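J.: Sharing my_file15.cif below, mmCIF, C-alpha atoms:
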```cif
data_start
#
loop_
_atom_site.label_atom_id
_atom_site.label_comp_id
_atom_site.auth_asym_id
_atom_site.auth_seq_id
_atom_site.Cartn_x
_atom_site.Cartn_y
_atom_site.Cartn_z
CA MET A 297 0.00 0.00 0.00
CA ARG A 298 2.86 2.35 0.85
CA VAL A 299 4.51 1.60 -2.49
CA ARG A 300 1.28 2.36 -4.33
CA GLU A 301 0.79 5.60 -2.39
CA GLY A 302 4.38 6.57 -3.15
CA ALA A 303 3.85 5.86 -6.84
CA LEU A 304 0.66 7.91 -6.90
CA LEU A 305 2.47 10.75 -5.15
CA SER A 306 5.26 10.58 -7.72
CA TYR A 307 2.80 10.65 -10.61
CA ARG A 308 1.03 13.62 -9.07
CA THR A 309 4.35 15.41 -8.58
CA ILE A 310 5.32 14.84 -12.20
CA PHE A 311 1.94 16.14 -13.31
CA GLU A 312 2.26 19.28 -11.18
CA VAL A 313 5.77 19.99 -12.41
CA LEU A 314 4.80 19.49 -16.05
CA MET A 315 1.79 21.77 -15.67
CA SER A 316 4.01 24.43 -14.11
CA ILE A 317 6.47 24.11 -16.98
CA MET A 318 3.68 24.41 -19.54
CA ARG A 319 2.40 27.56 -17.85
CA GLU A 320 5.82 29.20 -17.78
CA THR A 321 7.45 28.17 -21.04
CA GLY A 322 7.08 31.73 -22.28
CA SER A 323 9.19 33.03 -19.41
CA PRO A 324 12.72 34.33 -20.15
CA GLU A 325 13.74 32.89 -16.77
CA LEU A 326 13.48 29.28 -17.95
CA PRO A 327 16.72 28.00 -16.36
CA VAL A 328 15.68 29.53 -13.03
CA PHE A 329 12.22 28.04 -12.77
CA THR A 330 13.26 24.60 -14.08
CA GLN A 331 15.99 24.38 -11.47
CA LYS A 332 13.46 25.45 -8.87
CA TYR A 333 11.16 22.56 -9.74
CA LEU A 334 14.01 20.07 -9.97
CA ASN A 335 15.02 21.04 -6.45
CA SER A 336 11.44 20.63 -5.25
CA ILE A 337 11.32 16.95 -6.27
CA SER A 338 14.74 15.95 -4.97
CA MET A 339 13.17 13.78 -2.27
CA TYR A 340 11.20 11.64 -4.74
CA PRO A 341 12.30 8.39 -6.44
CA HIS A 342 15.07 8.42 -9.01
CA TRP A 343 12.81 7.43 -11.92
CA CYS A 344 10.48 10.32 -11.10
CA ARG A 345 13.32 12.83 -11.14
CA LEU A 346 14.64 11.33 -14.38
CA VAL A 347 11.32 11.80 -16.19
CA VAL A 348 11.07 15.41 -15.09
CA ARG A 349 14.67 16.10 -16.11
CA LEU A 350 14.01 14.68 -19.57
CA VAL A 351 10.93 16.85 -19.96
CA VAL A 352 12.86 19.91 -18.82
CA LEU A 353 15.62 19.10 -21.31
CA PHE A 354 13.16 18.93 -24.20
CA VAL A 355 11.46 22.16 -23.09
CA ASN A 356 14.82 23.95 -22.99
CA ILE A 357 15.70 22.68 -26.47
CA PHE A 358 12.32 23.84 -27.74
CA MET A 359 12.76 27.30 -26.21
CA LEU A 360 16.27 27.70 -27.62
CA LYS A 361 15.08 26.76 -31.11
CA ALA A 362 12.19 29.20 -30.82
CA ALA A 363 14.56 31.98 -29.71
CA GLU A 364 16.90 31.27 -32.63
CA LYS A 365 13.96 31.42 -35.02
CA ASN A 366 12.76 34.72 -33.57
CA ASN A 367 16.22 36.26 -33.80
CA ALA A 368 16.59 35.10 -37.39
CA ALA A 369 13.20 36.58 -38.22
CA MET A 370 13.99 39.92 -36.55
CA PRO A 371 13.71 42.52 -39.30
CA VAL A 372 16.70 44.65 -40.22
CA SER A 373 15.82 48.26 -39.61
CA SER A 374 15.06 50.24 -42.76
CA VAL A 375 16.68 53.19 -40.97
CA LYS A 376 20.34 52.25 -40.84
CA LEU A 377 21.54 55.76 -40.03
CA LEU A 378 19.53 58.24 -37.99
CA CYS A 379 20.89 61.77 -38.41
CA THR A 380 19.46 64.34 -36.02
CA ASP A 381 20.12 67.94 -35.21
CA PHE A 382 20.34 68.65 -31.48
CA ASP A 383 19.11 72.10 -30.41
CA GLY A 384 15.51 72.67 -31.40
CA THR A 385 15.18 69.18 -32.83
CA LEU A 386 15.82 67.02 -29.77
CA VAL A 387 15.79 69.65 -27.04
CA GLU A 388 14.26 73.06 -26.51
CA SER A 389 16.60 74.01 -23.67
CA SER A 390 19.39 72.57 -21.53
CA LEU A 391 16.74 71.48 -19.04
CA ASP A 392 15.20 68.97 -21.46
CA ARG A 393 15.92 65.29 -20.91
CA CYS A 394 15.71 62.37 -23.30
CA THR A 395 12.14 61.14 -23.62
CA GLN A 396 11.26 57.50 -23.11
CA GLU A 397 9.89 57.34 -26.65
CA PHE A 398 13.12 58.57 -28.23
CA ALA A 399 15.22 56.24 -26.06
CA GLU A 400 13.09 53.27 -27.09
CA VAL A 401 13.37 54.16 -30.78
CA LEU A 402 17.16 54.45 -30.51
CA SER A 403 17.41 51.13 -28.66
CA TYR A 404 15.19 49.41 -31.22
CA GLN A 405 17.23 50.78 -34.08
CA ARG A 406 20.57 49.95 -32.44
CA LYS A 407 19.55 46.32 -31.83
CA ARG A 408 18.81 45.99 -35.54
CA GLY A 409 22.16 47.28 -36.71
CA GLY A 410 21.36 50.98 -36.92
CA SER A 411 23.61 53.94 -36.07
CA TRP A 412 22.98 57.45 -34.79
CA VAL A 413 24.79 60.66 -35.72
CA ILE A 414 24.18 64.06 -34.18
CA ASN A 415 24.55 66.77 -36.83
CA THR A 416 24.76 70.08 -34.98
CA GLY A 417 26.04 73.62 -35.17
CA ARG A 418 27.64 73.24 -31.75
CA SER A 419 31.36 72.72 -31.19
CA LEU A 420 32.48 69.27 -30.06
CA PRO A 421 32.93 70.17 -26.35
CA TYR A 422 29.58 71.98 -26.30
CA THR A 423 27.91 68.99 -27.99
CA LEU A 424 29.30 66.58 -25.41
CA GLU A 425 28.12 68.91 -22.66
CA GLY A 426 24.63 68.93 -24.15
CA LEU A 427 24.59 65.15 -24.44
CA ALA A 428 25.55 64.81 -20.79
CA GLN A 429 22.61 67.02 -19.84
CA PHE A 430 20.28 65.15 -22.21
CA HIS A 431 20.84 61.87 -20.32
CA CYS A 432 20.19 59.62 -23.30
CA PRO A 433 20.77 55.90 -22.54
CA VAL A 434 22.14 55.41 -26.08
CA SER A 435 25.27 57.29 -27.15
CA PRO A 436 25.71 58.56 -30.72
CA ASP A 437 28.06 56.63 -32.98
CA TYR A 438 29.18 59.78 -34.79
CA ILE A 439 29.04 63.54 -34.26
CA ILE A 440 29.08 66.28 -36.89
CA THR A 441 29.91 69.65 -35.33
CA GLN A 442 29.71 73.26 -36.54
CA GLU A 443 27.64 71.94 -39.44
CA ARG A 444 30.75 70.47 -41.05
CA GLU A 445 33.32 68.54 -38.97
CA ILE A 446 32.93 64.75 -38.62
CA TYR A 447 34.02 62.81 -35.53
CA HIS A 448 33.90 59.18 -34.51
CA LEU A 449 34.68 57.43 -31.25
CA SER A 450 38.17 55.91 -31.24
CA SER A 451 39.11 52.61 -29.61
CA SER A 452 40.50 54.63 -26.70
CA GLY A 453 37.09 56.16 -26.08
CA LYS A 454 37.96 59.62 -27.41
CA TRP A 455 36.22 61.52 -30.18
CA GLN A 456 38.56 62.11 -33.10
CA ASP A 457 38.55 63.26 -36.73
CA PHE A 458 36.99 60.75 -39.09
CA GLY A 459 39.13 60.61 -42.21
CA ASP A 460 40.80 63.70 -43.70
CA TRP A 461 37.55 65.60 -44.22
CA ASN A 462 38.05 67.86 -41.20
CA LEU A 463 41.57 68.86 -42.26
CA ARG A 464 40.38 69.86 -45.73
CA CYS A 465 37.37 71.62 -44.28
CA ARG A 466 39.40 73.68 -41.79
CA ARG A 467 41.94 74.65 -44.43
CA LEU A 468 39.32 75.91 -46.88
CA HIS A 469 37.35 77.61 -44.12
CA ASN A 470 40.38 79.51 -42.83
CA GLU A 471 41.48 80.45 -46.35
CA LEU A 472 38.00 81.78 -47.08
CA LEU A 473 37.88 83.98 -43.97
CA LEU A 474 41.36 85.35 -44.64
CA LYS A 475 40.57 86.03 -48.29
CA TYR A 476 37.41 87.99 -47.59
CA GLN A 477 38.10 89.44 -44.14
CA ASP A 478 38.27 93.06 -45.33
CA ALA A 479 35.17 92.69 -47.51
CA LEU A 480 33.19 91.03 -44.72
CA GLU A 481 34.24 93.67 -42.19
CA ALA A 482 33.03 96.40 -44.54
CA ILE A 483 29.78 94.58 -45.30
CA CYS A 484 29.03 94.04 -41.60
CA LYS A 485 29.67 97.70 -40.82
CA GLY A 486 27.30 98.70 -43.60
CA LEU A 487 24.37 96.58 -42.43
CA THR A 488 21.21 98.55 -41.71
CA HIS A 489 20.73 97.09 -38.23
CA ARG A 490 24.39 96.90 -37.23
CA SER A 491 23.58 98.28 -33.75
CA GLU A 492 21.51 95.16 -33.09
CA ILE A 493 24.13 92.76 -34.41
CA THR A 494 27.15 91.35 -32.58
CA PRO A 495 30.04 90.06 -34.73
CA VAL A 496 31.58 86.70 -33.82
CA ARG A 497 35.32 86.40 -34.42
CA GLU A 498 37.83 83.60 -34.92
CA ASN A 499 41.43 84.66 -34.33
CA GLY A 500 40.37 88.28 -34.70
CA ILE A 501 38.57 87.71 -38.02
CA VAL A 502 34.80 88.10 -38.27
CA SER A 503 33.31 84.64 -38.78
CA GLY A 504 29.66 85.11 -37.95
CA LEU A 505 26.92 87.27 -36.50
CA VAL A 506 24.42 87.19 -33.65
CA ALA A 507 21.27 89.29 -34.00
CA SER A 508 19.03 90.65 -31.27
CA SER A 509 15.99 88.86 -32.73
CA GLU A 510 14.96 86.46 -35.48
CA GLU A 511 13.27 89.31 -37.32
CA ILE A 512 16.50 91.31 -37.37
CA MET A 513 18.45 88.26 -38.55
CA SER A 514 15.98 87.69 -41.38
CA GLN A 515 16.59 91.25 -42.57
CA VAL A 516 20.35 90.79 -42.22
CA THR A 517 20.36 87.66 -44.40
CA VAL A 518 18.57 89.55 -47.18
CA GLU A 519 21.29 92.20 -47.13
CA LEU A 520 24.06 89.60 -46.96
CA ASP A 521 22.66 87.67 -49.92
CA TRP A 522 22.92 90.79 -52.04
CA ALA A 523 26.18 92.21 -50.66
CA CYS A 524 28.11 88.92 -50.79
CA LYS A 525 26.84 87.57 -54.10
CA ASP A 526 30.25 88.10 -55.73
CA LEU A 527 32.28 86.42 -52.97
CA GLN A 528 33.10 83.13 -54.67
CA GLY A 529 32.88 80.11 -52.37
CA TRP A 530 31.37 82.11 -49.53
CA ALA A 531 28.15 81.06 -47.79
CA TYR A 532 26.56 81.11 -44.36
CA GLN A 533 24.62 78.84 -42.04
CA ARG A 534 21.79 80.27 -39.98
CA ASN A 535 20.10 78.90 -36.89
CA ASN A 536 17.62 81.20 -35.21
CA VAL A 537 19.49 84.44 -34.33
CA TYR A 538 22.91 82.91 -35.02
CA LEU A 539 24.73 83.02 -38.34
CA ARG A 540 28.08 81.45 -39.22
CA PHE A 541 30.14 82.22 -42.34
CA CYS A 542 31.36 79.10 -44.13
CA HIS A 543 32.62 77.62 -47.36
CA VAL A 544 29.80 76.84 -49.77
CA ASP A 545 30.85 73.17 -50.07
CA TYR A 546 30.74 72.41 -46.34
CA HIS A 547 27.39 72.15 -44.59
CA LYS A 548 25.23 69.58 -42.81
CA GLY A 549 24.22 67.94 -46.06
CA SER A 550 27.72 67.51 -47.50
CA ALA A 551 29.06 66.36 -44.12
CA LEU A 552 26.31 63.74 -43.91
CA LYS A 553 27.13 62.61 -47.44
CA GLU A 554 30.81 62.20 -46.52
CA LEU A 555 29.94 60.26 -43.37
CA CYS A 556 27.79 57.90 -45.42
CA ARG A 557 30.69 57.40 -47.81
CA LEU A 558 33.03 56.60 -44.94
CA ILE A 559 30.72 54.02 -43.35
CA GLY A 560 29.29 52.65 -46.59
CA PHE A 561 25.63 53.62 -46.18
CA PRO A 562 23.57 54.63 -49.23
CA ARG A 563 21.15 57.55 -48.90
CA GLU A 564 18.23 55.10 -49.11
CA VAL A 565 18.84 53.93 -45.52
CA VAL A 566 19.40 57.38 -44.01
CA LEU A 567 16.80 59.35 -42.04
CA ALA A 568 17.61 63.00 -41.32
CA ALA A 569 15.65 65.19 -38.91
CA GLY A 570 16.05 68.90 -38.20
CA ASP A 571 14.15 72.05 -37.34
CA ASN A 572 15.94 75.20 -38.56
CA PHE A 573 17.56 76.89 -41.56
CA ASN A 574 20.94 75.20 -41.19
CA ASP A 575 19.24 71.78 -41.35
CA ILE A 576 17.68 72.30 -44.78
CA ALA A 577 20.88 71.19 -46.53
CA MET A 578 20.35 67.67 -45.16
CA LEU A 579 16.56 67.67 -45.55
CA ASP A 580 16.26 68.16 -49.31
CA GLY A 581 16.32 64.44 -50.12
CA LYS A 582 19.75 64.52 -51.77
CA HIS A 583 21.70 63.00 -48.89
CA ALA A 584 18.94 61.25 -46.93
CA ALA A 585 16.06 59.47 -48.64
CA MET A 586 13.99 59.81 -45.47
CA CYS A 587 13.51 63.36 -44.19
CA ALA A 588 11.55 64.52 -41.17
CA CYS A 589 11.06 67.34 -38.72
CA PRO A 590 9.27 67.82 -35.40
CA ALA A 591 6.15 69.96 -35.19
CA ASN A 592 8.13 72.89 -33.78
CA ALA A 593 10.26 73.19 -36.94
CA ILE A 594 10.16 76.49 -38.82
CA LYS A 595 7.95 76.87 -41.88
CA GLU A 596 10.86 76.72 -44.33
CA VAL A 597 12.02 73.38 -42.92
CA LYS A 598 8.54 71.87 -43.08
CA GLU A 599 8.26 72.96 -46.70
CA ALA A 600 11.64 71.40 -47.55
CA VAL A 601 10.71 68.14 -45.81
CA LEU A 602 7.37 67.86 -47.58
CA LYS A 603 8.99 68.68 -50.91
CA ALA A 604 11.37 65.75 -50.31
CA ASP A 605 8.36 63.49 -49.63
CA GLY A 606 9.24 63.47 -45.95
CA PHE A 607 7.28 63.45 -42.70
CA VAL A 608 6.24 66.34 -40.47
CA ALA A 609 5.57 65.01 -36.98
CA SER A 610 2.77 66.10 -34.69
CA GLY A 611 5.01 66.07 -31.61
CA ASN A 612 7.66 68.61 -30.67
CA HIS A 613 11.39 67.99 -30.31
CA ALA A 614 12.48 64.45 -29.30
CA LEU A 615 8.88 63.21 -29.24
CA GLY A 616 8.49 64.33 -32.84
CA VAL A 617 11.74 62.68 -33.89
CA ALA A 618 10.67 59.40 -32.26
CA GLU A 619 7.35 59.67 -34.07
CA SER A 620 9.20 60.25 -37.35
CA VAL A 621 11.44 57.22 -36.95
CA GLN A 622 8.43 55.07 -36.13
CA TYR A 623 6.66 56.37 -39.22
CA PHE A 624 9.48 55.34 -41.54
CA LEU A 625 9.99 51.99 -39.82
CA GLU A 626 6.35 51.13 -40.40
CA ARG A 627 6.06 52.55 -43.91
#
```
Go ahead and express the file in the form of structure tokens.
T.:
Amino acid sequence: MRVREGALLSYRTIFEVLMSIMRETGSPELPVFTQKYLNSISMYPHWCRLVVRLVVLFVNIFMLKAAEKNNAAMPVSSVKLLCTDFDGTLVESSLDRCTQEFAEVLSYQRKRGGSWVINTGRSLPYTLEGLAQFHCPVSPDYIITQEREIYHLSSSGKWQDFGDWNLRCRRLHNELLLKYQDALEAICKGLTHRSEITPVRENGIVSGLVASSEEIMSQVTVELDWACKDLQGWAYQRNNVYLRFCHVDYHKGSALKELCRLIGFPREVVLAAGDNFNDIAMLDGKHAAMCACPANAIKEVKEAVLKADGFVASGNHALGVAESVQYFLER
């Protein structure tokens, strides 16, 4: 009678363990719970433990095969390179933090082989400072600064020039400022609203302007377009009330194109997002097949994005960028 009761108890134990396994086979903690049940039957007969161990073995094999199948079926992201501006596009001020939606989009893209580049008008130190304040759980793979210089993270963990692009860019930029320094000084002094404009200088040479308001800067750009039309190779990049003189061949669009050449990405897998005048060069569809902007972008940017068959988000800043990435992933 005792033997029969023991056998019935063993059968019941096996049944309970198997039912528990069936209920929890979807759990990622499979090794934990199987070991838990194996420990719980350690006092039962050897044949009982053997049956349960065999079942657990088959369940583990099944789960591993299912995981391999899911990983193999995981789609490669259509957005291989996400190129975003920083100020105005991801953040409104230094107090803004990375949104959960943007962090999730970056993580999703990164797991599927995607990369992220910040394409900003900031200098490299100022960009890194902004990133530290942004508190994004995913770090950018590349950084484009001052609308033109390309950096990548070295094996030592330091940001360094990517290729010889930066050297060529700096040389042409410096040559341009030296060549036209007298002309630019005279033009700046002759601007109608010069009392509301502050010149920015590099090594004593005027290299940009800061206006007291966006309205004033809009009037200044009209005058500059006319006054500087004969300065070959000269151009400028504007963001809000800030304006930087530059070489016509070096801007956010051309820098993005060079980065894609360096890492071997065609424009068809690039998504660019920006919000202001200096972003338009990368939002015209020439260097990124997917173009987008958050809802807070200026009118001119929205027009450029729509002209490039892009997407204008309903959300502002990082929320809008996350919405844009999701749109192109699902399209």
J.: Please write as a PyMOL selection string the full residue list that the PyMOL selection byres ((chain A and resi 378) around 10) yields on this file.
T.: chain A and resi 375-377+379-380+402+405+410-415+436+565-569+584+586+617+621
J.: Can you turn the PyMOL selection byres ((chain A and resi 493) around 12) into a concrete residue list for this file, as a PDB file with C-alpha atoms, in the frame of the given file?
T.:
```
ATOM      1  CA  CYS A 484      29.030  94.040 -41.600  1.00  0.00           C
ATOM      2  CA  LYS A 485      29.670  97.700 -40.820  1.00  0.00           C
ATOM      3  CA  GLY A 486      27.300  98.700 -43.600  1.00  0.00           C
ATOM      4  CA  LEU A 487      24.370  96.580 -42.430  1.00  0.00           C
ATOM      5  CA  THR A 488      21.210  98.550 -41.710  1.00  0.00           C
ATOM      6  CA  HIS A 489      20.730  97.090 -38.230  1.00  0.00           C
ATOM      7  CA  ARG A 490      24.390  96.900 -37.230  1.00  0.00           C
ATOM      8  CA  SER A 491      23.580  98.280 -33.750  1.00  0.00           C
ATOM      9  CA  GLU A 492      21.510  95.160 -33.090  1.00  0.00           C
ATOM     10  CA  THR A 494      27.150  91.350 -32.580  1.00  0.00           C
ATOM     11  CA  PRO A 495      30.040  90.060 -34.730  1.00  0.00           C
ATOM     12  CA  VAL A 496      31.580  86.700 -33.820  1.00  0.00           C
ATOM     13  CA  GLY A 504      29.660  85.110 -37.950  1.00  0.00           C
ATOM     14  CA  LEU A 505      26.920  87.270 -36.500  1.00  0.00           C
ATOM     15  CA  VAL A 506      24.420  87.190 -33.650  1.00  0.00           C
ATOM     16  CA  ALA A 507      21.270  89.290 -34.000  1.00  0.00           C
ATOM     17  CA  SER A 508      19.030  90.650 -31.270  1.00  0.00           C
ATOM     18  CA  SER A 509      15.990  88.860 -32.730  1.00  0.00           C
ATOM     19  CA  GLU A 510      14.960  86.460 -35.480  1.00  0.00           C
ATOM     20  CA  GLU A 511      13.270  89.310 -37.320  1.00  0.00           C
ATOM     21  CA  ILE A 512      16.500  91.310 -37.370  1.00  0.00           C
ATOM     22  CA  MET A 513      18.450  88.260 -38.550  1.00  0.00           C
ATOM     23  CA  SER A 514      15.980  87.690 -41.380  1.00  0.00           C
ATOM     24  CA  GLN A 515      16.590  91.250 -42.570  1.00  0.00           C
ATOM     25  CA  VAL A 516      20.350  90.790 -42.220  1.00  0.00           C
ATOM     26  CA  THR A 517      20.360  87.660 -44.400  1.00  0.00           C
ATOM     27  CA  VAL A 537      19.490  84.440 -34.330  1.00  0.00           C
ATOM     28  CA  TYR A 538      22.910  82.910 -35.020  1.00  0.00           C
ATOM     29  CA  LEU A 539      24.730  83.020 -38.340  1.00  0.00           C
TER      30      LEU A 539
END
```
J.: Quick check, in Å to one decimal: how far apart do CA of Ile501 (chain A) and CA of Ile483 (chain A) lie?
T.: 13.3 Å
J.: Find the residues with any atom within 12 Å of (30.4, 75.3, -49.3); use only C-alpha atoms and the coordinates as given in the file, and write the answer as an NGL selection string.
T.: :A and (443-444 or 464-466 or 468-469 or 472 or 527-533 or 541-551 or 577)
J.: Nearest residue to His583 (chain A) out of A:Ala482, A:Leu555, A:Ile446, A:Leu473, using all atoms listed in the file?
T.: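 That would be A:Leu555, the residue with the smallest distance to His583 (chain A).
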J.: Can you pull out every residue within 12 Å of Pro421 (chain A), counting all atoms listed in the file, but drop anything in the same chain fewer than 2 positions away, and send it as a list in words?
T.: Thr416, Gly417, Arg418, Ser419, Thr423, Leu424, Glu425, Gly426, Leu427, Ala428, Ile439, Ile440, Thr441, Gln442, Tyr447, Lys454, Trp455 and Gln456 of chain A
J.: Kindly indicate which residue among A:Phe398, A:Arg557, A:Phe382, A:Phe430 lies nearest to Phe458 (chain A), using only C-alpha atoms for the distances.
T.: A:Arg557
J.: Can you work out the spacing between CA of Arg393 (chain A) and CA of Ala588 (chain A) in Å, to one decimal?
T.: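 That distance, rounded to one decimal, is 20.7 Å.
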J.: Just to confirm, what's the straight-line distance from CA of His448 (chain A) to CA of Glu619 (chain A) in Å (one decimal)?
T.: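 So the answer is 26.6 Å.
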J.: Place a sphere of radius 9 Å on (15.8, 78.2, -42.7) in the file coordinates and name every protein, DNA or RNA residue with an atom inside or on its surface, counting all atoms listed in the file; give the answer as a PyMOL selection string.
T.: chain A and resi 533-536+571-576+594-597
J.: For Pro562 (chain A), which of A:Leu579, A:Leu449, A:Ser374, A:Ser403 is the closest residue, counting only C-alpha atoms?
T.: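 Distance minimum relative to Pro562 (chain A) lands on A:Ser374.
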